[in-house]
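Heads up, input07.cif below (mmCIF, C-alpha atoms):
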data_structure
loop_
_atom_site.group_PDB
_atom_site.id
_atom_site.type_symbol
_atom_site.label_atom_id
_atom_site.label_comp_id
_atom_site.auth_asym_id
_atom_site.auth_seq_id
_atom_site.Cartn_x
_atom_site.Cartn_y
_atom_site.Cartn_z
ATOM 1 C CA MET A 1 -16.440 23.605 61.578
ATOM 2 C CA LYS A 2 -17.812 20.111 61.086
ATOM 3 C CA LEU A 3 -20.138 21.425 58.364
ATOM 4 C CA PHE A 4 -17.184 23.048 56.580
ATOM 5 C CA SER A 5 -15.198 19.755 56.723
ATOM 6 C CA LEU A 6 -18.182 17.833 55.372
ATOM 7 C CA ILE A 7 -18.605 20.278 52.475
ATOM 8 C CA SER A 8 -14.882 20.089 51.696
ATOM 9 C CA ALA A 9 -14.987 16.290 51.669
ATOM 10 C CA ILE A 10 -17.978 16.268 49.325
ATOM 11 C CA PHE A 11 -16.211 18.755 47.031
ATOM 12 C CA VAL A 12 -13.114 16.549 46.882
ATOM 13 C CA ILE A 13 -15.204 13.463 46.107
ATOM 14 C CA LEU A 14 -17.048 15.292 43.342
ATOM 15 C CA CYS A 15 -13.740 16.424 41.843
ATOM 16 C CA VAL A 16 -12.395 12.877 41.894
ATOM 17 C CA ILE A 17 -15.564 11.534 40.286
ATOM 18 C CA SER A 18 -15.451 14.274 37.658
ATOM 19 C CA ASP A 19 -11.791 13.491 36.934
ATOM 20 C CA ILE A 20 -12.553 9.787 36.573
ATOM 21 C CA HIS A 21 -15.321 10.448 34.074
ATOM 22 C CA SER A 22 -13.169 12.845 32.083
ATOM 23 C CA SER A 23 -10.109 10.565 32.003
ATOM 24 C CA GLY A 24 -10.806 9.308 28.497
ATOM 25 C CA LEU A 25 -9.125 10.270 25.247
ATOM 26 C CA GLU A 26 -10.345 13.261 23.284
ATOM 27 C CA GLN A 27 -12.861 12.184 20.634
ATOM 28 C CA MET A 28 -12.447 13.449 17.082
ATOM 29 C CA SER A 29 -14.795 13.483 14.100
ATOM 30 C CA ASP A 30 -13.450 12.127 10.810
ATOM 31 C CA ASP A 31 -13.088 15.600 9.310
ATOM 32 C CA ASP A 32 -11.228 16.947 12.343
ATOM 33 C CA LEU A 33 -9.054 13.847 12.450
ATOM 34 C CA LEU A 34 -8.028 14.180 8.811
ATOM 35 C CA ASN A 35 -7.151 17.815 9.385
ATOM 36 C CA LEU A 36 -5.118 16.883 12.466
ATOM 37 C CA ILE A 37 -3.193 14.216 10.549
ATOM 38 C CA ARG A 38 -2.393 16.721 7.798
ATOM 39 C CA THR A 39 -1.176 19.465 10.118
ATOM 40 C CA GLU A 40 0.554 17.650 13.014
ATOM 41 C CA ASN A 41 3.758 15.604 12.922
ATOM 42 C CA TYR A 42 2.626 12.854 15.289
ATOM 43 C CA VAL A 43 -0.916 11.641 15.902
ATOM 44 C CA ALA A 44 -1.822 8.425 17.720
ATOM 45 C CA VAL A 45 -5.425 7.432 16.986
ATOM 46 C CA LEU A 46 -7.428 4.737 18.694
ATOM 47 C CA PHE A 47 -10.250 3.659 16.397
ATOM 48 C CA THR A 48 -12.971 2.422 18.697
ATOM 49 C CA LYS A 49 -16.714 1.887 18.821
ATOM 50 C CA LYS A 50 -19.502 2.151 21.348
ATOM 51 C CA ASP A 51 -20.369 -0.680 23.755
ATOM 52 C CA CYS A 52 -17.054 -2.436 23.109
ATOM 53 C CA GLU A 53 -15.349 -3.771 26.237
ATOM 54 C CA ILE A 54 -12.018 -4.537 24.568
ATOM 55 C CA CYS A 55 -12.071 -1.051 23.031
ATOM 56 C CA ASP A 56 -12.420 0.463 26.507
ATOM 57 C CA LYS A 57 -9.421 -1.552 27.703
ATOM 58 C CA HIS A 58 -7.345 -0.229 24.804
ATOM 59 C CA GLU A 59 -8.394 3.311 25.654
ATOM 60 C CA ASP A 60 -7.437 2.873 29.319
ATOM 61 C CA VAL A 61 -3.974 1.584 28.404
ATOM 62 C CA LEU A 62 -3.401 4.328 25.836
ATOM 63 C CA PHE A 63 -4.566 6.983 28.288
ATOM 64 C CA GLN A 64 -1.912 5.819 30.759
ATOM 65 C CA ILE A 65 0.891 6.664 28.311
ATOM 66 C CA ARG A 66 -0.718 9.730 26.771
ATOM 67 C CA GLU A 67 1.387 12.165 28.809
ATOM 68 C CA ASP A 68 4.587 10.278 27.921
ATOM 69 C CA LEU A 69 3.783 10.533 24.219
ATOM 70 C CA VAL A 70 2.960 14.214 24.573
ATOM 71 C CA ASP A 71 6.194 14.904 26.452
ATOM 72 C CA SER A 72 8.530 12.832 24.235
ATOM 73 C CA LEU A 73 7.009 13.409 20.792
ATOM 74 C CA SER A 74 4.593 16.305 21.234
ATOM 75 C CA ALA A 75 2.089 13.807 19.863
ATOM 76 C CA TRP A 76 -1.661 14.107 19.780
ATOM 77 C CA VAL A 77 -3.368 11.092 21.353
ATOM 78 C CA VAL A 78 -7.041 10.893 20.405
ATOM 79 C CA LYS A 79 -9.825 8.470 19.603
ATOM 80 C CA ALA A 80 -12.323 8.121 16.752
ATOM 81 C CA VAL A 81 -15.595 6.367 17.527
ATOM 82 C CA ASN A 82 -17.389 4.414 14.763
ATOM 83 C CA SER A 83 -15.132 6.081 12.197
ATOM 84 C CA GLN A 84 -15.424 5.340 8.495
ATOM 85 C CA LEU A 85 -11.649 5.718 8.227
ATOM 86 C CA VAL A 86 -10.792 2.566 10.165
ATOM 87 C CA ARG A 87 -11.327 0.310 7.132
ATOM 88 C CA ILE A 88 -8.453 2.101 5.381
ATOM 89 C CA TYR A 89 -5.941 1.189 8.058
ATOM 90 C CA SER A 90 -7.134 -1.972 9.770
ATOM 91 C CA PRO A 91 -8.786 -5.017 8.119
ATOM 92 C CA SER A 92 -9.997 -6.251 11.518
ATOM 93 C CA LYS A 93 -11.493 -2.821 12.303
ATOM 94 C CA GLU A 94 -12.010 -1.718 15.919
ATOM 95 C CA PRO A 95 -10.158 -1.530 18.179
ATOM 96 C CA ALA A 96 -7.167 -0.385 16.131
ATOM 97 C CA LEU A 97 -4.274 1.825 17.155
ATOM 98 C CA VAL A 98 -2.741 3.748 14.241
ATOM 99 C CA PHE A 99 0.270 6.014 14.652
ATOM 100 C CA PHE A 100 0.645 8.748 12.018
ATOM 101 C CA ARG A 101 4.169 10.096 11.444
ATOM 102 C CA HIS A 102 4.077 13.115 9.115
ATOM 103 C CA GLY A 103 0.840 11.663 7.710
ATOM 104 C CA ILE A 104 2.248 8.151 7.165
ATOM 105 C CA PRO A 105 0.271 5.528 9.139
ATOM 106 C CA LEU A 106 1.625 2.585 11.112
ATOM 107 C CA LEU A 107 -0.809 -0.010 12.454
ATOM 108 C CA TYR A 108 0.200 -1.186 15.930
ATOM 109 C CA ASP A 109 0.212 -4.980 16.016
ATOM 110 C CA GLY A 110 1.632 -5.782 19.443
ATOM 111 C CA GLU A 111 0.208 -6.812 22.781
ATOM 112 C CA LEU A 112 -2.034 -4.565 24.856
ATOM 113 C CA ASN A 113 0.794 -3.398 27.101
ATOM 114 C CA ASP A 114 1.505 0.240 27.932
ATOM 115 C CA GLU A 115 5.312 -0.124 27.972
ATOM 116 C CA LEU A 116 5.357 -2.050 24.689
ATOM 117 C CA ILE A 117 3.064 0.456 22.975
ATOM 118 C CA LEU A 118 5.166 3.371 24.197
ATOM 119 C CA HIS A 119 8.382 1.667 23.062
ATOM 120 C CA THR A 120 6.988 0.765 19.624
ATOM 121 C CA LEU A 121 5.670 4.246 18.907
ATOM 122 C CA SER A 122 8.812 5.951 20.194
ATOM 123 C CA GLU A 123 11.087 3.686 18.136
ATOM 124 C CA ASN A 124 9.093 4.302 14.955
ATOM 125 C CA LYS A 125 8.637 8.045 14.975
ATOM 126 C CA GLU A 126 9.877 8.211 11.378
ATOM 127 C CA PRO A 127 8.396 6.302 8.401
ATOM 128 C CA CYS A 128 10.362 3.138 7.704
ATOM 129 C CA VAL A 129 9.381 1.976 4.204
ATOM 130 C CA ARG A 130 11.678 3.280 1.449
ATOM 131 C CA GLU A 131 10.309 4.488 -1.890
ATOM 132 C CA LEU A 132 12.171 3.041 -4.878
ATOM 133 C CA HIS A 133 11.830 3.856 -8.585
ATOM 134 C CA ASP A 134 13.476 3.146 -11.936
ATOM 135 C CA GLU A 135 16.309 5.612 -11.379
ATOM 136 C CA ASN A 136 17.490 4.530 -7.922
ATOM 137 C CA PHE A 137 16.512 0.847 -7.788
ATOM 138 C CA GLU A 138 19.719 -0.783 -8.988
ATOM 139 C CA HIS A 139 21.988 1.668 -7.181
ATOM 140 C CA LEU A 140 20.289 1.197 -3.803
ATOM 141 C CA THR A 141 19.414 -2.506 -3.917
ATOM 142 C CA GLN A 142 22.292 -3.950 -5.984
ATOM 143 C CA VAL A 143 20.110 -7.019 -6.496
ATOM 144 C CA SER A 144 21.835 -7.961 -9.758
ATOM 145 C CA THR A 145 25.263 -8.200 -8.140
ATOM 146 C CA GLY A 146 24.156 -9.460 -4.727
ATOM 147 C CA ALA A 147 26.407 -6.831 -3.152
ATOM 148 C CA THR A 148 26.449 -5.320 0.300
ATOM 149 C CA THR A 149 23.160 -3.455 0.738
ATOM 150 C CA GLY A 150 21.452 -6.505 2.274
ATOM 151 C CA ASP A 151 18.139 -8.238 1.643
ATOM 152 C CA TRP A 152 15.137 -6.379 0.245
ATOM 153 C CA PHE A 153 11.423 -7.093 0.695
ATOM 154 C CA ILE A 154 9.492 -4.990 -1.829
ATOM 155 C CA LEU A 155 5.820 -4.187 -2.389
ATOM 156 C CA PHE A 156 4.771 -3.327 -5.941
ATOM 157 C CA TYR A 157 1.709 -1.097 -5.945
ATOM 158 C CA SER A 158 -0.180 1.375 -8.110
ATOM 159 C CA THR A 159 -1.875 4.671 -7.370
ATOM 160 C CA ASP A 160 -5.336 3.498 -8.443
ATOM 161 C CA CYS A 161 -5.218 0.255 -6.417
ATOM 162 C CA ILE A 162 -7.455 0.683 -3.367
ATOM 163 C CA GLU A 163 -6.176 -2.502 -1.748
ATOM 164 C CA CYS A 164 -2.604 -1.230 -2.139
ATOM 165 C CA GLN A 165 -3.458 2.031 -0.414
ATOM 166 C CA ASN A 166 -5.160 0.155 2.412
ATOM 167 C CA LEU A 167 -1.957 -1.863 2.893
ATOM 168 C CA GLN A 168 0.170 1.157 3.760
ATOM 169 C CA ALA A 169 -0.338 1.061 7.535
ATOM 170 C CA ARG A 170 0.255 -2.711 7.636
ATOM 171 C CA TRP A 171 3.325 -2.462 5.391
ATOM 172 C CA GLU A 172 4.815 0.161 7.722
ATOM 173 C CA SER A 173 4.187 -2.227 10.619
ATOM 174 C CA VAL A 174 5.937 -5.044 8.722
ATOM 175 C CA CYS A 175 8.863 -2.692 8.127
ATOM 176 C CA ALA A 176 9.020 -1.794 11.829
ATOM 177 C CA LYS A 177 9.365 -5.488 12.666
ATOM 178 C CA LEU A 178 11.974 -6.198 9.969
ATOM 179 C CA LYS A 179 14.042 -3.006 9.855
ATOM 180 C CA THR A 180 16.909 -4.395 11.942
ATOM 181 C CA ARG A 181 17.204 -7.431 9.640
ATOM 182 C CA MET A 182 16.549 -6.165 6.113
ATOM 183 C CA ASN A 183 15.340 -3.333 3.910
ATOM 184 C CA VAL A 184 11.627 -2.888 3.261
ATOM 185 C CA ALA A 185 10.481 -0.786 0.318
ATOM 186 C CA ARG A 186 7.735 -0.193 -2.212
ATOM 187 C CA ILE A 187 7.607 0.666 -5.924
ATOM 188 C CA ASN A 188 4.799 2.332 -7.842
ATOM 189 C CA LYS A 189 4.743 0.258 -11.042
ATOM 190 C CA GLN A 190 2.138 2.559 -12.549
ATOM 191 C CA THR A 191 4.298 5.690 -12.491
ATOM 192 C CA MET A 192 7.997 5.877 -11.559
ATOM 193 C CA GLY A 193 8.578 2.110 -11.421
ATOM 194 C CA LYS A 194 7.264 0.932 -14.786
ATOM 195 C CA VAL A 195 10.623 -0.365 -16.014
ATOM 196 C CA ILE A 196 11.303 -2.292 -12.796
ATOM 197 C CA GLY A 197 7.787 -3.732 -12.834
ATOM 198 C CA ARG A 198 8.263 -5.023 -16.402
ATOM 199 C CA ARG A 199 11.739 -6.309 -15.574
ATOM 200 C CA PHE A 200 10.409 -8.605 -12.866
ATOM 201 C CA GLY A 201 7.180 -9.529 -14.662
ATOM 202 C CA VAL A 202 4.869 -7.838 -12.161
ATOM 203 C CA SER A 203 1.486 -7.991 -13.867
ATOM 204 C CA LYS A 204 -0.817 -7.374 -10.894
ATOM 205 C CA VAL A 205 -0.834 -5.331 -7.715
ATOM 206 C CA PRO A 206 -0.305 -5.661 -4.879
ATOM 207 C CA SER A 207 2.691 -7.946 -5.486
ATOM 208 C CA PHE A 208 5.575 -8.744 -3.172
ATOM 209 C CA ILE A 209 9.077 -9.963 -4.030
ATOM 210 C CA PHE A 210 11.830 -10.862 -1.575
ATOM 211 C CA PHE A 211 15.411 -10.412 -2.869
ATOM 212 C CA ARG A 212 18.220 -12.307 -1.140
ATOM 213 C CA HIS A 213 21.758 -13.180 -2.277
ATOM 214 C CA GLY A 214 21.069 -12.774 -5.994
ATOM 215 C CA LYS A 215 17.829 -14.784 -5.790
ATOM 216 C CA MET A 216 14.220 -13.688 -5.619
ATOM 217 C CA TYR A 217 11.097 -15.200 -4.073
ATOM 218 C CA ARG A 218 7.556 -14.181 -4.989
ATOM 219 C CA TYR A 219 4.904 -13.948 -2.291
ATOM 220 C CA ASN A 220 1.951 -15.716 -3.896
ATOM 221 C CA SER A 221 -0.392 -15.869 -0.910
ATOM 222 C CA GLN A 222 -3.538 -13.752 -0.747
ATOM 223 C CA LYS A 223 -3.033 -13.230 2.987
ATOM 224 C CA TYR A 224 -2.058 -9.604 3.519
ATOM 225 C CA ASP A 225 -2.082 -9.573 7.318
ATOM 226 C CA ILE A 226 1.006 -8.379 9.172
ATOM 227 C CA ASP A 227 2.014 -11.774 10.567
ATOM 228 C CA SER A 228 1.898 -13.529 7.175
ATOM 229 C CA LEU A 229 3.870 -10.784 5.429
ATOM 230 C CA HIS A 230 6.387 -10.578 8.268
ATOM 231 C CA SER A 231 7.045 -14.318 8.323
ATOM 232 C CA PHE A 232 7.627 -14.626 4.550
ATOM 233 C CA PRO A 233 11.178 -13.192 4.366
ATOM 234 C CA ILE A 234 12.049 -14.744 7.723
ATOM 235 C CA GLU A 235 10.872 -18.313 7.152
ATOM 236 C CA THR A 236 8.113 -19.129 4.653
ATOM 237 C CA HIS A 237 10.014 -17.888 1.568
ATOM 238 C CA LYS A 238 11.849 -21.214 1.770
ATOM 239 C CA ASN A 239 8.661 -22.854 0.469
ATOM 240 C CA ALA A 240 8.467 -20.525 -2.549
ATOM 241 C CA ARG A 241 10.064 -21.142 -5.942
ATOM 242 C CA VAL A 242 13.589 -19.777 -6.178
ATOM 243 C CA GLU A 243 14.250 -17.564 -9.205
ATOM 244 C CA PRO A 244 17.454 -15.891 -10.339
ATOM 245 C CA VAL A 245 17.267 -12.108 -10.270
ATOM 246 C CA THR A 246 16.168 -10.946 -13.720
ATOM 247 C CA PRO A 247 18.835 -8.709 -15.293
ATOM 248 C CA PRO A 248 17.828 -5.289 -16.673
ATOM 249 C CA LYS A 249 16.091 -5.419 -20.052
ATOM 250 C CA ALA A 250 17.652 -4.005 -23.212
ATOM 251 C CA PRO A 251 15.958 -0.711 -24.240
ATOM 252 C CA LEU A 252 14.266 -2.229 -27.322
ATOM 253 C CA GLU A 253 13.008 -5.255 -25.389
ATOM 254 C CA ASP A 254 11.665 -3.036 -22.621
ATOM 255 C CA MET A 255 9.931 -0.820 -25.190
ATOM 256 C CA LEU A 256 8.196 -3.847 -26.726
ATOM 257 C CA LEU A 257 7.199 -5.084 -23.278
ATOM 258 C CA GLY A 258 5.847 -1.615 -22.530
ATOM 259 C CA ILE A 259 3.693 -1.686 -25.660
ATOM 260 C CA LEU A 260 2.341 -5.135 -24.772
ATOM 261 C CA GLU A 261 1.660 -3.995 -21.211
ATOM 262 C CA PHE A 262 -0.153 -0.915 -22.479
ATOM 263 C CA PHE A 263 -2.486 -2.980 -24.649
ATOM 264 C CA ARG A 264 -3.004 -5.508 -21.864
ATOM 265 C CA GLU A 265 -4.073 -2.744 -19.511
ATOM 266 C CA CYS A 266 -6.283 -1.081 -22.157
ATOM 267 C CA PRO A 267 -8.263 -3.941 -23.765
ATOM 268 C CA PHE A 268 -10.839 -1.513 -25.194
ATOM 269 C CA LEU A 269 -8.111 -0.034 -27.408
ATOM 270 C CA VAL A 270 -7.326 -3.505 -28.713
ATOM 271 C CA LYS A 271 -10.989 -3.911 -29.676
ATOM 272 C CA ILE A 272 -11.051 -0.521 -31.388
ATOM 273 C CA ILE A 273 -7.839 -1.196 -33.311
ATOM 274 C CA SER A 274 -9.024 -4.697 -34.238
ATOM 275 C CA THR A 275 -12.289 -3.237 -35.525
ATOM 276 C CA ILE A 276 -10.447 -0.601 -37.575
ATOM 277 C CA ILE A 277 -8.120 -3.246 -39.044
ATOM 278 C CA GLY A 278 -11.109 -5.486 -39.808
ATOM 279 C CA VAL A 279 -12.941 -2.659 -41.577
ATOM 280 C CA PHE A 280 -9.773 -1.769 -43.503
ATOM 281 C CA VAL A 281 -9.343 -5.387 -44.642
ATOM 282 C CA ILE A 282 -12.994 -5.630 -45.736
ATOM 283 C CA VAL A 283 -12.804 -2.332 -47.633
ATOM 284 C CA SER A 284 -9.521 -3.391 -49.275
ATOM 285 C CA VAL A 285 -10.943 -6.747 -50.378
ATOM 286 C CA ALA A 286 -14.110 -5.105 -51.652
ATOM 287 C CA TYR A 287 -12.047 -2.531 -53.552
ATOM 288 C CA LYS A 288 -9.880 -5.220 -55.153
ATOM 289 C CA MET A 289 -12.929 -7.285 -56.129
ATOM 290 C CA ASN A 290 -14.572 -4.207 -57.593
ATOM 291 C CA SER A 291 -11.371 -3.373 -59.532
ATOM 292 C CA ARG A 292 -11.269 -6.869 -60.999
ATOM 293 C CA LYS A 293 -14.895 -6.592 -62.098
ATOM 294 C CA GLU A 294 -14.153 -3.245 -63.768
ATOM 295 C CA LYS A 295 -11.148 -4.754 -65.556
ATOM 296 C CA LYS A 296 -13.270 -7.674 -66.774
ATOM 297 C CA LYS A 297 -15.956 -5.298 -68.049
ATOM 298 C CA LYS A 298 -13.372 -3.219 -69.935
ATOM 299 C CA SER A 299 -11.776 -6.359 -71.359
ATOM 300 C CA THR A 300 -15.150 -7.698 -72.504
ATOM 301 C CA SER A 301 -16.042 -4.309 -74.004
ATOM 302 C CA LYS A 302 -12.769 -4.195 -76.012
ATOM 303 C CA ARG A 303 -13.353 -7.682 -77.420
ATOM 304 C CA SER A 304 -16.849 -6.726 -78.500
ATOM 305 C CA LYS A 305 -15.577 -3.671 -80.357
ATOM 306 C CA ASN A 306 -12.822 -5.635 -82.084
ATOM 307 C CA LYS A 307 -15.374 -8.109 -83.386
#

Take the structure in this file and express it as structure tokens.
Amino acid sequence: MKLFSLISAIFVILCVISDIHSSGLEQMSDDDLLNLIRTENYVAVLFTKKDCEICDKHEDVLFQIREDLVDSLSAWVVKAVNSQLVRIYSPSKEPALVFFRHGIPLLYDGELNDELILHTLSENKEPCVRELHDENFEHLTQVSTGATTGDWFILFYSTDCIECQNLQARWESVCAKLKTRMNVARINKQTMGKVIGRRFGVSKVPSFIFFRHGKMYRYNSQKYDIDSLHSFPIETHKNARVEPVTPPKAPLEDMLLGILEFFRECPFLVKIISTIIGVFVIVSVAYKMNSRKEKKKKSTSKRSKNK
């Protein structure tokens, strides 16, 4: 009987030890993680690395709320160790908690607290940033009239801008912090937002403009961290130059601006056209000079015959 009790006790201890060692988050490779993000609605990923004490603390806290996230959102809660993907979502790299909602990432920027993490993820289960373009901009923002849609903080980006793409998770986090106070949006000035980009003189990306009460403030800092971006429309925009909201351009003016923008973005075409014009001018001058010489020869020949 005593032997049986001893064996049972050892079995229980071994089970507890086994459970302790297996109480970490499921580890995913980059390929599996990308597939998971594409196919599942909600995926919480802890980007971590080996021999990182603070990373282990993040994993412990996230593991505590894993069941809550599974129950409330049917979310996957996993980790990626030494992942190459972390640089896309977090400039400070590991540890980084990124919450994907229908493939759209949000970088968690709060304290290492299980209740706060659970609250933040639960309150932001849908993407927050609105996508604006030439057709809906004026109707939704009403920035020209300063009407009732509220303040707007807008990111101008382009599809081929790597830095812009890397900002997406941070911009969603900024939106999560500001969504009860103002609208946060983005505009692709390379595709569907060309007219709006030209209207506000956006020549580079990423660019940020804050619209408030018929005025606009440009974010001219090179700091793209969440805290700096979040504080701009709240406080630091007061230090920026105040500009009146630029009214929509007339069609002809916008067309001319579009042509200038095209040549500015394609300097090699300017060189080609300049070369063609230069060759044309040289050929024209040479032709005229040759024509004059021929006329002089004919004139001289006529005089000689008349004599």

Take CA of Asn188 (chain A) and CA of Glu243 (chain A) and report the distance between them in Å, one decimal.
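Separation of CA of Asn188 (chain A) and CA of Glu243 (chain A): 22.1 Å.
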
Nearest to Val45 (chain A) among A:Leu107, A:Val81, A:Val202, A:Val98, with distances taken over only C-alpha atoms: which residue is it?
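The closest residue to Val45 (chain A) is A:Val98.
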
Separation of CA of Ser228 (chain A) from CA of Val143 (chain A) in Å:
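For CA of Val143 (chain A) relative to CA of Ser228 (chain A), the distance reads 23.7 Å.
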
Residue members of the PyMOL selection byres ((chain A and resi 128) around 7) in the file shown, as a list in words:
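Answer for the PyMOL selection byres ((chain A and resi 128) around 7): Glu126, Pro127, Val129, Arg130, Glu172, Cys175 and Ala176 of chain A.
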
CA of Glu235 (chain A) to CA of Phe208 (chain A): how many Å, to one decimal?
15.0 Å
